[in-house]
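Reproduced below: upload13.cif, with mmCIF, C-alpha atoms.
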data_entry
loop_
_atom_site.label_atom_id
_atom_site.label_comp_id
_atom_site.auth_asym_id
_atom_site.auth_seq_id
_atom_site.Cartn_x
_atom_site.Cartn_y
_atom_site.Cartn_z
CA MET A 16 167.53 46.59 -4.47
CA ASP A 17 168.04 42.88 -4.98
CA ARG A 18 166.44 39.99 -3.17
CA ARG A 19 169.48 39.23 -0.97
CA MET A 20 169.56 42.78 0.34
CA VAL A 21 165.83 42.72 1.19
CA LEU A 22 166.21 39.39 2.99
CA GLY A 23 169.24 40.69 4.88
CA LEU A 24 167.36 43.81 6.01
CA ALA A 25 164.38 41.72 7.10
CA ALA A 26 166.66 39.39 9.08
CA ALA A 27 168.41 42.35 10.70
CA LEU A 28 165.06 43.88 11.65
CA ALA A 29 163.87 40.60 13.19
CA VAL A 30 167.07 40.19 15.21
CA GLY A 31 166.85 43.81 16.35
CA LEU A 32 163.28 43.37 17.51
CA VAL A 33 164.01 40.19 19.43
CA PHE A 34 167.35 41.11 20.97
CA GLY A 35 167.06 44.88 20.98
CA GLY A 36 164.05 45.06 23.25
CA GLY A 37 161.54 45.88 20.53
CA LEU A 38 159.21 43.13 21.73
CA ARG A 39 158.21 44.07 25.25
CA THR A 40 156.48 41.71 27.60
CA ARG A 41 154.30 42.34 30.64
CA ALA A 42 157.25 41.31 32.83
CA ASP A 43 159.40 44.00 31.18
CA ASP A 44 156.74 46.60 31.93
CA LYS A 45 156.48 45.49 35.58
CA ALA A 46 160.27 45.62 35.96
CA GLY A 47 160.28 49.13 34.49
CA ASP A 48 157.50 50.22 36.84
CA ALA A 49 159.40 48.81 39.82
CA GLY A 50 162.48 50.81 38.86
CA LYS A 51 160.47 54.00 38.44
CA CYS A 52 158.74 53.38 41.76
CA ALA A 53 162.00 52.80 43.63
CA LYS A 54 163.54 55.94 42.11
CA CYS A 55 160.47 58.01 42.95
CA CYS A 56 160.43 56.78 46.57
CA ALA A 57 164.17 57.43 46.94
CA ASP A 58 163.75 60.93 45.50
CA CYS A 59 160.92 61.64 47.94
CA MET A 60 163.01 60.36 50.87
CA ASP A 61 165.88 62.62 49.80
CA HIS A 62 163.64 65.68 49.53
CA CYS A 63 161.99 64.92 52.88
CA ALA A 64 165.37 64.49 54.57
CA LYS A 65 166.42 67.90 53.29
CA GLY A 66 163.02 69.29 54.26
CA ALA A 67 163.30 67.94 57.80
CA LYS A 68 166.76 69.47 58.14
CA HIS A 69 165.45 72.79 56.79
CA CYS A 70 162.49 72.69 59.19
CA GLY A 71 164.87 71.99 62.08
CA HIS A 72 166.84 75.12 61.22
CA CYS A 73 163.61 77.12 60.93
CA LEU A 74 162.45 75.85 64.34
CA ALA A 75 165.78 76.89 65.83
CA GLU A 76 165.10 80.38 64.45
CA GLY A 77 161.74 80.38 66.27
CA LYS A 78 159.48 79.54 63.31
CA LYS A 79 157.12 77.16 65.10
CA ASP A 80 154.94 76.67 62.02
CA HIS A 81 157.60 74.23 60.73
CA LEU A 82 157.14 71.69 63.56
CA LYS A 83 154.30 69.69 62.02
CA CYS A 84 156.04 69.76 58.64
CA LEU A 85 159.24 68.41 60.19
CA ASN A 86 157.34 65.54 61.81
CA LEU A 87 155.53 64.69 58.58
CA CYS A 88 158.80 64.77 56.61
CA VAL A 89 160.26 62.21 59.02
CA ASP A 90 157.13 60.03 58.80
CA CYS A 91 157.21 60.34 55.02
CA MET A 92 160.83 59.18 54.85
CA LYS A 93 160.01 56.07 56.89
CA SER A 94 156.96 55.28 54.80
CA CYS A 95 158.81 55.78 51.52
CA ALA A 96 161.59 53.47 52.70
CA ARG A 97 159.07 50.67 53.23
CA ALA A 98 157.30 51.36 49.93
CA GLU A 99 160.66 51.46 48.10
CA GLN A 100 161.39 47.92 49.31
CA CYS A 101 157.97 46.81 48.02
CA CYS A 102 158.62 48.30 44.58
CA SER A 103 161.06 45.62 43.56
CA GLY A 104 160.03 42.87 45.95
CA LYS A 105 156.69 41.52 46.98
CA ALA A 106 154.11 44.20 46.25
CA ASP A 107 152.33 45.27 49.40
CA ALA A 108 149.19 47.30 48.67
CA LYS A 109 148.99 48.41 52.32
CA ALA A 110 152.51 49.83 52.20
CA PHE A 111 151.74 51.71 49.00
CA GLU A 112 148.43 53.01 50.40
CA HIS A 113 150.11 54.14 53.62
CA CYS A 114 152.94 55.81 51.72
CA ALA A 115 150.53 57.61 49.38
CA LYS A 116 148.51 58.90 52.35
CA ILE A 117 151.56 60.11 54.30
CA CYS A 118 153.04 61.72 51.17
CA GLU A 119 149.77 63.56 50.50
CA ASP A 120 149.62 64.76 54.11
CA CYS A 121 153.24 65.90 53.97
CA ALA A 122 152.68 67.74 50.67
CA ALA A 123 149.62 69.49 52.09
CA GLU A 124 151.53 70.62 55.18
CA CYS A 125 154.50 71.80 53.09
CA ASP A 126 152.10 73.78 50.90
CA LYS A 127 150.94 75.69 53.99
CA LEU A 128 154.41 77.24 54.19
CA LYS A 129 153.66 79.40 51.17
CA ASP A 130 156.74 81.65 51.35
CA ASP A 131 159.19 78.75 51.62
CA ALA A 132 160.49 77.71 48.18
CA HIS A 133 162.43 74.80 49.70
CA MET A 134 159.26 73.23 51.05
CA LYS A 135 157.50 73.67 47.70
CA ASP A 136 160.11 71.30 46.21
CA VAL A 137 159.44 68.81 48.99
CA ALA A 138 155.69 69.04 48.36
CA LYS A 139 156.17 68.29 44.66
CA ALA A 140 158.32 65.23 45.38
CA CYS A 141 155.71 64.00 47.85
CA ARG A 142 152.87 64.42 45.35
CA ASP A 143 154.88 62.58 42.69
CA CYS A 144 155.57 59.73 45.10
CA ALA A 145 151.92 59.51 46.18
CA LYS A 146 150.88 59.28 42.54
CA MET A 147 153.43 56.53 41.85
CA CYS A 148 152.34 54.54 44.91
CA ARG A 149 148.72 54.74 43.80
CA GLU A 150 149.75 53.47 40.34
CA MET A 151 151.66 50.57 41.89
CA MET A 152 148.52 49.55 43.79
CA LYS A 153 146.70 48.86 40.51
#

As structure tokens:
Amino acid sequence: MDRRMVLGLAAALAVGLVFGGGLRTRADDKAGDAGKCAKCCADCMDHCAKGAKHCGHCLAEGKKDHLKCLNLCVDCMKSCARAEQCCSGKADAKAFEHCAKICEDCAAECDKLKDDAHMKDVAKACRDCAKMCREMMK
């Protein structure tokens, strides 16, 4: 390998690091966290919307144990919508704290419906969102 080839490879490596994202900054990490947070909140809202619809059908069938879960799914969707806005905008620790608390409550209530696989999925999404909100508070 001659000297020109070594210099060319070194230059290519330097350009790749600078322009290819190899050198990450704190701002890059924050932007990545905001994107993950927004996606997690949106996923939780989607699961809770489906959970609320499912609970509504169960209530119509006379399964009254789904009432509290339905209400918490609706509250969770509202809370996640506010937290999702905070993910990419001005961070609001109170919004994240509230969202984490509501998500944990919703997950706990969904877990009480042990024989309902649909609500187990909702509970997992809520726990994931609560964890993400707690991370965003740091």

Close residues, Cys144 in chain A itself excluded, 8 Å, only C-alpha atoms, min 6 positions apart in chain, as JSON, numbers by chain = {"A": [52, 55, 56, 59, 115, 118]}

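If all atoms listed in the file are the atoms counted, then among A:Asp131, A:Asp126, A:Asp58, A:Glu112 the closest residue to Asp143 in chain A is A:Asp58.
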
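One distance worth recording is that between CA of Ser103 in chain A and CA of Glu124 in chain A, which is 29.2 Å.
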
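Near (152.5, 49.4, 50.0), the residues that fall inside 10 Å on the basis of all atoms listed in the file are Ser94, Cys95, Arg97, Ala98, Glu99, Gln100, Cys101, Cys102, Lys105, Ala106, Asp107, Ala108, Lys109, Ala110, Phe111, Glu112, His113, Cys114, Ala115, Cys148, Arg149, Met151 and Met152 of chain A.
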
ask   = What does the distance from CA of Val89 in chain A to CA of Asp48 in chain A come to in Å, to one decimal?
value = 25.4 Å

inquiry  = I'd like the neighbourhood of range 61-71 of chain A as a PyMOL selection string, where a residue qualifies if any of its atoms comes within 12 Å (using only C-alpha atoms), though same-chain residues fewer than 2 positions away should be ignored.
reply    = chain A and resi 54-59+73-96+117-118+121-122+124-125+128+131-144

note = With distances taken over all atoms listed in the file, the candidate from A:Ala49, A:Lys129, A:Met147, A:Gly104 nearest Lys116 in chain A is A:Met147

Using 5 Å of padding on each side, determine the axis-aligned box around all atoms of range 64-82 of chain A present in the file and give its centre and edge lengths in Å to one decimal, as AutoDock Vina command-line options.
--center_x 160.9 --center_y 72.4 --center_z 59.8 --size_x 21.9 --size_y 25.9 --size_z 23.0
